[in-house]
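For reference, my_file.cif (mmCIF, N, CA and C atoms):
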data_query
loop_
_atom_site.label_atom_id
_atom_site.label_comp_id
_atom_site.auth_asym_id
_atom_site.auth_seq_id
_atom_site.Cartn_x
_atom_site.Cartn_y
_atom_site.Cartn_z
N MET A 115 28.01 159.18 90.09
CA MET A 115 27.33 159.47 91.33
C MET A 115 28.23 159.06 92.49
N PRO A 116 28.34 159.90 93.52
CA PRO A 116 29.16 159.53 94.67
C PRO A 116 28.58 158.32 95.40
N HIS A 117 29.47 157.65 96.12
CA HIS A 117 29.05 156.47 96.87
C HIS A 117 27.95 156.85 97.86
N SER A 118 26.96 156.03 97.97
CA SER A 118 25.82 156.29 98.82
C SER A 118 25.86 155.37 100.03
N ASP A 119 25.18 155.76 101.10
CA ASP A 119 25.17 154.92 102.29
C ASP A 119 24.21 153.74 102.10
N ASN A 120 24.31 152.77 102.99
CA ASN A 120 23.51 151.54 102.87
C ASN A 120 22.02 151.79 103.00
N LYS A 121 21.62 152.74 103.85
CA LYS A 121 20.19 153.01 104.02
C LYS A 121 19.59 153.60 102.74
N SER A 122 20.31 154.48 102.10
CA SER A 122 19.83 155.06 100.84
C SER A 122 19.72 154.00 99.76
N THR A 123 20.72 153.13 99.69
CA THR A 123 20.68 152.04 98.71
C THR A 123 19.51 151.11 99.00
N ALA A 124 19.28 150.79 100.26
CA ALA A 124 18.17 149.90 100.62
C ALA A 124 16.83 150.52 100.25
N LEU A 125 16.68 151.83 100.46
CA LEU A 125 15.42 152.49 100.08
C LEU A 125 15.24 152.48 98.56
N ALA A 126 16.31 152.76 97.82
CA ALA A 126 16.23 152.74 96.35
C ALA A 126 15.84 151.35 95.85
N ILE A 127 16.42 150.32 96.44
CA ILE A 127 16.07 148.94 96.07
C ILE A 127 14.60 148.66 96.39
N ARG A 128 14.15 149.13 97.53
CA ARG A 128 12.75 148.93 97.93
C ARG A 128 11.80 149.59 96.92
N PHE A 129 12.12 150.80 96.48
CA PHE A 129 11.25 151.49 95.52
C PHE A 129 11.20 150.76 94.19
N GLU A 130 12.34 150.29 93.73
CA GLU A 130 12.37 149.56 92.45
C GLU A 130 11.65 148.22 92.57
N ALA A 131 11.78 147.57 93.72
CA ALA A 131 11.08 146.30 93.94
C ALA A 131 9.56 146.52 93.96
N LEU A 132 9.13 147.61 94.57
CA LEU A 132 7.69 147.93 94.58
C LEU A 132 7.19 148.22 93.17
N TYR A 133 8.00 148.90 92.38
CA TYR A 133 7.63 149.17 90.98
C TYR A 133 7.40 147.85 90.24
N LEU A 134 8.33 146.91 90.41
CA LEU A 134 8.18 145.61 89.75
C LEU A 134 7.00 144.82 90.32
N LEU A 135 6.80 144.89 91.62
CA LEU A 135 5.63 144.23 92.23
C LEU A 135 4.34 144.79 91.66
N ASN A 136 4.30 146.10 91.45
CA ASN A 136 3.11 146.72 90.88
C ASN A 136 2.84 146.20 89.47
N LEU A 137 3.89 145.96 88.72
CA LEU A 137 3.71 145.47 87.35
C LEU A 137 3.41 143.97 87.29
N LEU A 138 3.98 143.19 88.22
CA LEU A 138 3.95 141.74 88.06
C LEU A 138 3.03 140.99 89.02
N LEU A 139 2.97 141.39 90.29
CA LEU A 139 2.25 140.57 91.26
C LEU A 139 1.09 141.27 91.95
N LEU A 140 1.27 142.49 92.37
CA LEU A 140 0.26 143.19 93.17
C LEU A 140 -0.10 144.55 92.56
N PRO A 141 -0.66 144.57 91.37
CA PRO A 141 -0.99 145.87 90.78
C PRO A 141 -1.98 146.63 91.65
N GLY A 142 -1.74 147.89 91.80
CA GLY A 142 -2.62 148.72 92.63
C GLY A 142 -2.15 148.75 94.07
N ILE A 143 -2.04 147.61 94.71
CA ILE A 143 -1.61 147.57 96.11
C ILE A 143 -0.16 148.06 96.23
N ALA A 144 0.72 147.52 95.39
CA ALA A 144 2.12 147.96 95.42
C ALA A 144 2.23 149.43 95.02
N PHE A 145 1.37 149.88 94.11
CA PHE A 145 1.40 151.29 93.73
C PHE A 145 0.99 152.18 94.90
N LEU A 146 -0.02 151.78 95.66
CA LEU A 146 -0.43 152.57 96.82
C LEU A 146 0.69 152.65 97.86
N ILE A 147 1.40 151.57 98.05
CA ILE A 147 2.54 151.58 98.97
C ILE A 147 3.63 152.50 98.43
N LEU A 148 3.88 152.43 97.13
CA LEU A 148 4.87 153.31 96.49
C LEU A 148 4.45 154.77 96.63
N ALA A 149 3.16 155.06 96.47
CA ALA A 149 2.66 156.43 96.63
C ALA A 149 2.86 156.91 98.07
N TRP A 150 2.64 156.02 99.03
CA TRP A 150 2.86 156.38 100.44
C TRP A 150 4.34 156.71 100.67
N PHE A 151 5.23 155.88 100.10
CA PHE A 151 6.66 156.17 100.21
C PHE A 151 7.00 157.49 99.53
N TYR A 152 6.36 157.78 98.41
CA TYR A 152 6.61 159.04 97.72
C TYR A 152 6.27 160.23 98.63
N LEU A 153 5.13 160.16 99.27
CA LEU A 153 4.74 161.25 100.17
C LEU A 153 5.70 161.35 101.36
N LYS A 154 6.22 160.24 101.81
CA LYS A 154 7.09 160.23 102.98
C LYS A 154 8.53 160.66 102.65
N TYR A 155 9.06 160.24 101.50
CA TYR A 155 10.48 160.43 101.19
C TYR A 155 10.77 161.37 100.02
N LYS A 156 9.79 162.10 99.51
CA LYS A 156 10.03 162.91 98.32
C LYS A 156 11.07 164.00 98.52
N ASN A 157 11.29 164.42 99.76
CA ASN A 157 12.30 165.45 100.04
C ASN A 157 13.51 164.87 100.77
N HIS A 158 13.79 163.61 100.58
CA HIS A 158 14.92 162.94 101.24
C HIS A 158 16.23 163.63 100.84
N SER A 159 17.18 163.62 101.75
CA SER A 159 18.45 164.30 101.50
C SER A 159 19.32 163.59 100.46
N SER A 160 19.14 162.30 100.27
CA SER A 160 19.95 161.54 99.32
C SER A 160 19.37 161.66 97.91
N SER A 161 20.22 162.05 96.97
CA SER A 161 19.77 162.14 95.58
C SER A 161 19.47 160.74 95.01
N LEU A 162 20.14 159.71 95.53
CA LEU A 162 19.86 158.34 95.10
C LEU A 162 18.43 157.96 95.45
N VAL A 163 18.02 158.24 96.67
CA VAL A 163 16.66 157.93 97.11
C VAL A 163 15.65 158.73 96.30
N ARG A 164 15.88 160.02 96.15
CA ARG A 164 14.95 160.86 95.41
C ARG A 164 14.83 160.43 93.95
N SER A 165 15.96 160.09 93.34
CA SER A 165 15.90 159.73 91.92
C SER A 165 15.12 158.44 91.70
N HIS A 166 15.39 157.40 92.50
CA HIS A 166 14.67 156.14 92.31
C HIS A 166 13.20 156.27 92.70
N LEU A 167 12.92 157.05 93.71
CA LEU A 167 11.53 157.25 94.12
C LEU A 167 10.74 158.00 93.06
N GLN A 168 11.30 159.09 92.56
CA GLN A 168 10.60 159.86 91.52
C GLN A 168 10.43 159.06 90.25
N GLN A 169 11.48 158.35 89.85
CA GLN A 169 11.40 157.56 88.62
C GLN A 169 10.34 156.47 88.71
N THR A 170 10.33 155.72 89.81
CA THR A 170 9.37 154.62 89.92
C THR A 170 7.95 155.13 90.07
N PHE A 171 7.74 156.16 90.87
CA PHE A 171 6.39 156.67 91.10
C PHE A 171 5.80 157.27 89.82
N PHE A 172 6.55 158.17 89.19
CA PHE A 172 6.00 158.84 88.01
C PHE A 172 5.98 157.94 86.78
N THR A 173 6.90 157.00 86.68
CA THR A 173 6.83 156.05 85.57
C THR A 173 5.63 155.13 85.74
N SER A 174 5.30 154.78 86.97
CA SER A 174 4.09 153.99 87.22
C SER A 174 2.85 154.77 86.79
N LEU A 175 2.80 156.04 87.15
CA LEU A 175 1.66 156.87 86.76
C LEU A 175 1.56 157.05 85.25
N ILE A 176 2.65 157.46 84.64
CA ILE A 176 2.65 157.74 83.20
C ILE A 176 2.48 156.46 82.40
N GLY A 177 3.22 155.41 82.75
CA GLY A 177 3.12 154.14 82.04
C GLY A 177 1.74 153.53 82.14
N GLY A 178 1.17 153.56 83.34
CA GLY A 178 -0.19 153.04 83.52
C GLY A 178 -1.22 153.84 82.74
N ALA A 179 -1.07 155.15 82.76
CA ALA A 179 -2.00 156.01 82.02
C ALA A 179 -1.88 155.77 80.51
N LEU A 180 -0.67 155.61 80.02
CA LEU A 180 -0.49 155.35 78.58
C LEU A 180 -1.09 154.02 78.17
N ILE A 181 -0.90 152.99 78.98
CA ILE A 181 -1.48 151.68 78.66
C ILE A 181 -3.00 151.78 78.62
N VAL A 182 -3.60 152.36 79.65
CA VAL A 182 -5.06 152.47 79.72
C VAL A 182 -5.59 153.36 78.60
N LEU A 183 -4.94 154.49 78.36
CA LEU A 183 -5.42 155.43 77.34
C LEU A 183 -5.37 154.83 75.94
N VAL A 184 -4.26 154.22 75.58
CA VAL A 184 -4.14 153.65 74.24
C VAL A 184 -5.14 152.50 74.04
N ILE A 185 -5.29 151.65 75.03
CA ILE A 185 -6.25 150.54 74.91
C ILE A 185 -7.68 151.09 74.81
N ALA A 186 -7.99 152.11 75.60
CA ALA A 186 -9.33 152.72 75.52
C ALA A 186 -9.57 153.33 74.14
N LEU A 187 -8.57 154.01 73.60
CA LEU A 187 -8.71 154.59 72.25
C LEU A 187 -8.89 153.50 71.19
N LEU A 188 -8.17 152.40 71.32
CA LEU A 188 -8.34 151.30 70.37
C LEU A 188 -9.77 150.75 70.44
N PHE A 189 -10.32 150.62 71.65
CA PHE A 189 -11.70 150.17 71.78
C PHE A 189 -12.68 151.18 71.21
N VAL A 190 -12.45 152.45 71.47
CA VAL A 190 -13.38 153.49 70.99
C VAL A 190 -13.41 153.53 69.46
N PHE A 191 -12.24 153.47 68.86
CA PHE A 191 -12.19 153.59 67.39
C PHE A 191 -12.34 152.26 66.67
N GLY A 192 -12.12 151.15 67.36
CA GLY A 192 -12.21 149.86 66.70
C GLY A 192 -13.37 148.99 67.13
N GLY A 193 -13.98 149.31 68.26
CA GLY A 193 -15.09 148.51 68.75
C GLY A 193 -14.62 147.26 69.48
N PHE A 194 -15.57 146.63 70.14
CA PHE A 194 -15.26 145.43 70.92
C PHE A 194 -15.32 144.15 70.09
N SER A 195 -16.00 144.19 68.96
CA SER A 195 -16.26 142.95 68.23
C SER A 195 -15.20 142.61 67.18
N SER A 196 -14.32 143.54 66.86
CA SER A 196 -13.31 143.27 65.83
C SER A 196 -12.15 142.46 66.40
N SER A 197 -11.87 141.35 65.73
CA SER A 197 -10.75 140.52 66.19
C SER A 197 -9.41 141.21 65.95
N TYR A 198 -9.35 142.07 64.93
CA TYR A 198 -8.12 142.81 64.68
C TYR A 198 -7.80 143.78 65.81
N ILE A 199 -8.81 144.41 66.34
CA ILE A 199 -8.60 145.32 67.46
C ILE A 199 -8.10 144.56 68.67
N TRP A 200 -8.67 143.38 68.94
CA TRP A 200 -8.18 142.57 70.06
C TRP A 200 -6.73 142.16 69.85
N MET A 201 -6.37 141.85 68.63
CA MET A 201 -4.98 141.50 68.33
C MET A 201 -4.07 142.68 68.63
N TRP A 202 -4.45 143.88 68.19
CA TRP A 202 -3.63 145.08 68.45
C TRP A 202 -3.56 145.40 69.93
N ILE A 203 -4.66 145.21 70.64
CA ILE A 203 -4.66 145.47 72.09
C ILE A 203 -3.72 144.51 72.81
N ILE A 204 -3.78 143.25 72.46
CA ILE A 204 -2.90 142.26 73.10
C ILE A 204 -1.44 142.55 72.77
N LEU A 205 -1.16 142.86 71.50
CA LEU A 205 0.21 143.19 71.11
C LEU A 205 0.71 144.44 71.82
N TYR A 206 -0.10 145.49 71.85
CA TYR A 206 0.32 146.73 72.50
C TYR A 206 0.54 146.51 73.99
N PHE A 207 -0.41 145.86 74.66
CA PHE A 207 -0.26 145.64 76.09
C PHE A 207 0.98 144.82 76.39
N THR A 208 1.20 143.75 75.62
CA THR A 208 2.36 142.89 75.85
C THR A 208 3.66 143.67 75.64
N LEU A 209 3.74 144.44 74.58
CA LEU A 209 4.94 145.21 74.30
C LEU A 209 5.18 146.29 75.35
N ALA A 210 4.16 147.07 75.66
CA ALA A 210 4.31 148.16 76.63
C ALA A 210 4.61 147.61 78.03
N HIS A 211 3.89 146.60 78.44
CA HIS A 211 4.07 146.05 79.77
C HIS A 211 5.45 145.41 79.93
N SER A 212 5.85 144.61 78.96
CA SER A 212 7.15 143.95 79.06
C SER A 212 8.30 144.96 79.00
N THR A 213 8.12 146.03 78.25
CA THR A 213 9.14 147.09 78.21
C THR A 213 9.28 147.74 79.59
N LEU A 214 8.16 148.02 80.24
CA LEU A 214 8.20 148.61 81.57
C LEU A 214 8.84 147.65 82.58
N VAL A 215 8.60 146.36 82.43
CA VAL A 215 9.21 145.37 83.32
C VAL A 215 10.73 145.34 83.11
N VAL A 216 11.18 145.34 81.86
CA VAL A 216 12.62 145.33 81.59
C VAL A 216 13.28 146.59 82.16
N PHE A 217 12.65 147.74 81.97
CA PHE A 217 13.19 148.97 82.53
C PHE A 217 13.23 148.91 84.05
N GLY A 218 12.22 148.28 84.66
CA GLY A 218 12.21 148.12 86.11
C GLY A 218 13.35 147.23 86.58
N ALA A 219 13.65 146.18 85.84
CA ALA A 219 14.77 145.30 86.19
C ALA A 219 16.09 146.06 86.08
N LEU A 220 16.22 146.89 85.06
CA LEU A 220 17.42 147.71 84.93
C LEU A 220 17.52 148.72 86.08
N GLY A 221 16.38 149.31 86.45
CA GLY A 221 16.36 150.23 87.58
C GLY A 221 16.75 149.54 88.88
N LEU A 222 16.28 148.32 89.07
CA LEU A 222 16.64 147.55 90.26
C LEU A 222 18.14 147.26 90.28
N ALA A 223 18.70 146.91 89.14
CA ALA A 223 20.15 146.66 89.07
C ALA A 223 20.93 147.94 89.39
N LYS A 224 20.47 149.07 88.89
CA LYS A 224 21.13 150.35 89.20
C LYS A 224 21.00 150.66 90.69
N ALA A 225 19.85 150.42 91.28
CA ALA A 225 19.67 150.68 92.71
C ALA A 225 20.59 149.79 93.53
N MET A 226 20.73 148.54 93.13
CA MET A 226 21.59 147.61 93.87
C MET A 226 23.06 148.03 93.79
N SER A 227 23.43 148.75 92.75
CA SER A 227 24.81 149.24 92.63
C SER A 227 24.95 150.70 93.05
N SER A 228 23.92 151.23 93.74
CA SER A 228 23.93 152.60 94.28
C SER A 228 24.11 153.66 93.19
N GLN A 229 23.48 153.44 92.05
CA GLN A 229 23.55 154.41 90.96
C GLN A 229 22.16 154.93 90.66
N SER A 230 22.09 156.21 90.29
CA SER A 230 20.81 156.78 89.88
C SER A 230 20.41 156.21 88.53
N TRP A 231 19.14 156.32 88.21
CA TRP A 231 18.60 155.73 86.97
C TRP A 231 17.44 156.57 86.49
N ARG A 232 17.44 156.86 85.20
CA ARG A 232 16.33 157.57 84.57
C ARG A 232 15.68 156.64 83.58
N TYR A 233 14.38 156.43 83.73
CA TYR A 233 13.66 155.59 82.79
C TYR A 233 13.64 156.26 81.42
N PRO A 234 13.97 155.53 80.35
CA PRO A 234 13.97 156.13 79.02
C PRO A 234 12.58 156.61 78.61
N ILE A 235 12.53 157.66 77.87
CA ILE A 235 11.36 158.27 77.25
C ILE A 235 10.41 158.89 78.27
N ILE A 236 9.86 158.11 79.21
CA ILE A 236 8.85 158.67 80.11
C ILE A 236 9.39 159.00 81.49
N GLY A 237 10.68 158.81 81.72
CA GLY A 237 11.27 159.12 83.01
C GLY A 237 11.47 160.61 83.20
N LEU A 238 11.41 161.05 84.44
CA LEU A 238 11.65 162.45 84.77
C LEU A 238 13.14 162.74 84.78
N PRO A 239 13.51 164.02 84.64
CA PRO A 239 14.94 164.36 84.81
C PRO A 239 15.41 163.98 86.22
N LEU A 240 16.65 163.59 86.34
CA LEU A 240 17.19 163.20 87.63
C LEU A 240 17.29 164.41 88.55
N PRO A 241 17.05 164.21 89.85
CA PRO A 241 17.17 165.34 90.78
C PRO A 241 18.63 165.76 90.93
N LYS A 242 18.81 167.02 91.23
CA LYS A 242 20.17 167.56 91.41
C LYS A 242 20.69 167.16 92.78
N ASP A 243 22.01 166.95 92.87
CA ASP A 243 22.64 166.65 94.16
C ASP A 243 22.58 167.88 95.05
N ASN A 244 22.45 167.63 96.35
CA ASN A 244 22.46 168.74 97.31
C ASN A 244 23.87 169.08 97.70
#
Starting from the file, give its structure as structure tokens.
Amino acid sequence: MPHSDNKSTALAIRFEALYLLNLLLLPGIAFLILAWFYLKYKNHSSSLVRSHLQQTFFTSLIGGALIVLVIALLFVFGGFSSSYIWMWIILYFTLAHSTLVVFGALGLAKAMSSQSWRYPIIGLPLPKDN
């Protein structure tokens, strides 16, 4: 990726930081701020900004939906009273959540070095350079 300007790098870092804030400290609130940034910057001229914004926004949506959906299915098919189901729910949530956090830390490192980043498995294709 070509060298990016400081403003683009700062925006990419901000998006990745919001993604991590959504996972770790301010779930929901940080996502709403990230969604607002998505609406504001989705057509930004910098591919660095677009890539980090799309990756963080859609990974938050898809990752959150997968966590909620799988846990809901475990409850539906296993019930609330089974201790085995609670064990699987805790294991799944811990594994899925910590994986998303690690990917967010990698995304933040890429943003700090002005490089685009695609989240593995659930990330969108990177935007094309203009």
Every residue with an atom at most 12 Å from (8.7, 160.7, 98.4) (file coordinates; only C-alpha atoms) is what I'm after, so could you write them as a PyMOL selection string? chain A and resi 125-126+129+147-172
Dump N, CA and C atoms for the selected residues as a tab-separated table (two decimals), in the coordinates of the input?
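Dumped to again30.tsv:
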chain	number	residue	atom	x	y	z
A	125	LEU	N	16.68	151.83	100.46
A	125	LEU	CA	15.42	152.49	100.08
A	125	LEU	C	15.24	152.48	98.56
A	126	ALA	N	16.31	152.76	97.82
A	126	ALA	CA	16.23	152.74	96.35
A	126	ALA	C	15.84	151.35	95.85
A	129	PHE	N	12.12	150.80	96.48
A	129	PHE	CA	11.25	151.49	95.52
A	129	PHE	C	11.20	150.76	94.19
A	147	ILE	N	1.40	151.57	98.05
A	147	ILE	CA	2.54	151.58	98.97
A	147	ILE	C	3.63	152.50	98.43
A	148	LEU	N	3.88	152.43	97.13
A	148	LEU	CA	4.87	153.31	96.49
A	148	LEU	C	4.45	154.77	96.63
A	149	ALA	N	3.16	155.06	96.47
A	149	ALA	CA	2.66	156.43	96.63
A	149	ALA	C	2.86	156.91	98.07
A	150	TRP	N	2.64	156.02	99.03
A	150	TRP	CA	2.86	156.38	100.44
A	150	TRP	C	4.34	156.71	100.67
A	151	PHE	N	5.23	155.88	100.10
A	151	PHE	CA	6.66	156.17	100.21
A	151	PHE	C	7.00	157.49	99.53
A	152	TYR	N	6.36	157.78	98.41
A	152	TYR	CA	6.61	159.04	97.72
A	152	TYR	C	6.27	160.23	98.63
A	153	LEU	N	5.13	160.16	99.27
A	153	LEU	CA	4.74	161.25	100.17
A	153	LEU	C	5.70	161.35	101.36
A	154	LYS	N	6.22	160.24	101.81
A	154	LYS	CA	7.09	160.23	102.98
A	154	LYS	C	8.53	160.66	102.65
A	155	TYR	N	9.06	160.24	101.50
A	155	TYR	CA	10.48	160.43	101.19
A	155	TYR	C	10.77	161.37	100.02
A	156	LYS	N	9.79	162.10	99.51
A	156	LYS	CA	10.03	162.91	98.32
A	156	LYS	C	11.07	164.00	98.52
A	157	ASN	N	11.29	164.42	99.76
A	157	ASN	CA	12.30	165.45	100.04
A	157	ASN	C	13.51	164.87	100.77
A	158	HIS	N	13.79	163.61	100.58
A	158	HIS	CA	14.92	162.94	101.24
A	158	HIS	C	16.23	163.63	100.84
A	159	SER	N	17.18	163.62	101.75
A	159	SER	CA	18.45	164.30	101.50
A	159	SER	C	19.32	163.59	100.46
A	160	SER	N	19.14	162.30	100.27
A	160	SER	CA	19.95	161.54	99.32
A	160	SER	C	19.37	161.66	97.91
A	161	SER	N	20.22	162.05	96.97
A	161	SER	CA	19.77	162.14	95.58
A	161	SER	C	19.47	160.74	95.01
A	162	LEU	N	20.14	159.71	95.53
A	162	LEU	CA	19.86	158.34	95.10
A	162	LEU	C	18.43	157.96	95.45
A	163	VAL	N	18.02	158.24	96.67
A	163	VAL	CA	16.66	157.93	97.11
A	163	VAL	C	15.65	158.73	96.30
A	164	ARG	N	15.88	160.02	96.15
A	164	ARG	CA	14.95	160.86	95.41
A	164	ARG	C	14.83	160.43	93.95
A	165	SER	N	15.96	160.09	93.34
A	165	SER	CA	15.90	159.73	91.92
A	165	SER	C	15.12	158.44	91.70
A	166	HIS	N	15.39	157.40	92.50
A	166	HIS	CA	14.67	156.14	92.31
A	166	HIS	C	13.20	156.27	92.70
A	167	LEU	N	12.92	157.05	93.71
A	167	LEU	CA	11.53	157.25	94.12
A	167	LEU	C	10.74	158.00	93.06
A	168	GLN	N	11.30	159.09	92.56
A	168	GLN	CA	10.60	159.86	91.52
A	168	GLN	C	10.43	159.06	90.25
A	169	GLN	N	11.48	158.35	89.85
A	169	GLN	CA	11.40	157.56	88.62
A	169	GLN	C	10.34	156.47	88.71
A	170	THR	N	10.33	155.72	89.81
A	170	THR	CA	9.37	154.62	89.92
A	170	THR	C	7.95	155.13	90.07
A	171	PHE	N	7.74	156.16	90.87
A	171	PHE	CA	6.39	156.67	91.10
A	171	PHE	C	5.80	157.27	89.82
A	172	PHE	N	6.55	158.17	89.19
A	172	PHE	CA	6.00	158.84	88.01
A	172	PHE	C	5.98	157.94	86.78
Residues in the PyMOL selection byres ((chain A and resi 213-226) around 6), expressed as number ranges by chain: A: 123, 126-127, 130-131, 134, 208-212, 227-231
Please report the interatomic distance between atom CA of Val182 of chain A and atom CA of Pro241 of chain A in Å with one decimal. 28.0 Å
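With distances restricted to all atoms listed in the file, A:Ser174 is the closest residue to Tyr133 of chain A from A:Tyr198, A:Asp119, A:Ser174, A:Leu240.
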Select, from A:Ile143, A:Leu132, A:Leu137, A:Ile203, the residue with the minimum atom-to-atom distance to Gly177 of chain A, counting only C-alpha atoms.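 Under the stated criterion, the closest residue is A:Leu137.
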Atom C of Ser196 of chain A to atom N of Leu175 of chain A, straight-line distance in Å: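 Distance between the two atoms: 29.0 Å.
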Computed interatomic separation between atom CA of Gly192 of chain A and atom CA of Ile235 of chain A (Å):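 If I compute the distance from atom CA of Gly192 of chain A to atom CA of Ile235 of chain A, I get 27.2 Å.
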Kindly indicate which residue among A:Gly142, A:Asn136, A:Thr173, A:Leu205 lies nearest to Arg232 of chain A, using only C-alpha atoms for the distances.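 So, comparing all the options, the nearest one is A:Thr173.
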Residue nearest Tyr206 of chain A among A:Arg128, A:Ala186, A:Ile181, A:Gly193 (counting only C-alpha atoms):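 Distance minimum relative to Tyr206 of chain A lands on A:Ile181.
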Any chance you could model all heavy atoms for segment 187-194 of chain A and send them as an mmCIF file, keeping the file's coordinate frame?
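See part-v9.cif below for the written result:
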data_model
loop_
_atom_site.group_PDB
_atom_site.id
_atom_site.type_symbol
_atom_site.label_atom_id
_atom_site.label_comp_id
_atom_site.auth_asym_id
_atom_site.auth_seq_id
_atom_site.Cartn_x
_atom_site.Cartn_y
_atom_site.Cartn_z
ATOM 1 N N LEU A 187 -8.570 154.010 73.600
ATOM 2 C CA LEU A 187 -8.710 154.590 72.250
ATOM 3 C C LEU A 187 -8.890 153.500 71.190
ATOM 4 O O LEU A 187 -9.679 153.672 70.253
ATOM 5 C CB LEU A 187 -7.513 155.469 71.921
ATOM 6 C CG LEU A 187 -7.442 156.796 72.651
ATOM 7 C CD1 LEU A 187 -6.112 157.497 72.363
ATOM 8 C CD2 LEU A 187 -8.620 157.683 72.277
ATOM 9 N N LEU A 188 -8.170 152.400 71.320
ATOM 10 C CA LEU A 188 -8.340 151.300 70.370
ATOM 11 C C LEU A 188 -9.770 150.750 70.440
ATOM 12 O O LEU A 188 -10.375 150.449 69.403
ATOM 13 C CB LEU A 188 -7.327 150.193 70.643
ATOM 14 C CG LEU A 188 -5.898 150.478 70.193
ATOM 15 C CD1 LEU A 188 -4.940 149.434 70.745
ATOM 16 C CD2 LEU A 188 -5.814 150.540 68.683
ATOM 17 N N PHE A 189 -10.320 150.620 71.650
ATOM 18 C CA PHE A 189 -11.700 150.170 71.780
ATOM 19 C C PHE A 189 -12.680 151.180 71.210
ATOM 20 O O PHE A 189 -13.644 150.817 70.533
ATOM 21 C CB PHE A 189 -12.054 149.899 73.245
ATOM 22 C CG PHE A 189 -11.712 148.517 73.709
ATOM 23 C CD1 PHE A 189 -11.071 148.341 74.919
ATOM 24 C CD2 PHE A 189 -12.017 147.395 72.957
ATOM 25 C CE1 PHE A 189 -10.752 147.071 75.376
ATOM 26 C CE2 PHE A 189 -11.705 146.128 73.395
ATOM 27 C CZ PHE A 189 -11.070 145.961 74.605
ATOM 28 N N VAL A 190 -12.450 152.450 71.470
ATOM 29 C CA VAL A 190 -13.380 153.490 70.990
ATOM 30 C C VAL A 190 -13.410 153.530 69.460
ATOM 31 O O VAL A 190 -14.479 153.592 68.856
ATOM 32 C CB VAL A 190 -12.982 154.870 71.565
ATOM 33 C CG1 VAL A 190 -13.688 156.001 70.831
ATOM 34 C CG2 VAL A 190 -13.288 154.932 73.054
ATOM 35 N N PHE A 191 -12.240 153.470 68.860
ATOM 36 C CA PHE A 191 -12.190 153.590 67.390
ATOM 37 C C PHE A 191 -12.340 152.260 66.670
ATOM 38 O O PHE A 191 -12.678 152.233 65.492
ATOM 39 C CB PHE A 191 -10.903 154.286 66.957
ATOM 40 C CG PHE A 191 -10.856 155.727 67.351
ATOM 41 C CD1 PHE A 191 -9.928 156.181 68.257
ATOM 42 C CD2 PHE A 191 -11.775 156.632 66.831
ATOM 43 C CE1 PHE A 191 -9.887 157.506 68.634
ATOM 44 C CE2 PHE A 191 -11.756 157.965 67.205
ATOM 45 C CZ PHE A 191 -10.806 158.408 68.105
ATOM 46 N N GLY A 192 -12.120 151.150 67.360
ATOM 47 C CA GLY A 192 -12.210 149.860 66.700
ATOM 48 C C GLY A 192 -13.370 148.990 67.130
ATOM 49 O O GLY A 192 -13.713 148.037 66.442
ATOM 50 N N GLY A 193 -13.980 149.310 68.260
ATOM 51 C CA GLY A 193 -15.090 148.510 68.750
ATOM 52 C C GLY A 193 -14.620 147.260 69.480
ATOM 53 O O GLY A 193 -13.452 146.894 69.454
ATOM 54 N N PHE A 194 -15.570 146.630 70.140
ATOM 55 C CA PHE A 194 -15.260 145.430 70.920
ATOM 56 C C PHE A 194 -15.320 144.150 70.090
ATOM 57 O O PHE A 194 -14.774 143.140 70.471
ATOM 58 C CB PHE A 194 -16.262 145.286 72.079
ATOM 59 C CG PHE A 194 -16.052 146.286 73.168
ATOM 60 C CD1 PHE A 194 -16.801 147.442 73.222
ATOM 61 C CD2 PHE A 194 -15.098 146.068 74.140
ATOM 62 C CE1 PHE A 194 -16.610 148.365 74.229
ATOM 63 C CE2 PHE A 194 -14.897 146.979 75.156
ATOM 64 C CZ PHE A 194 -15.656 148.134 75.197
#
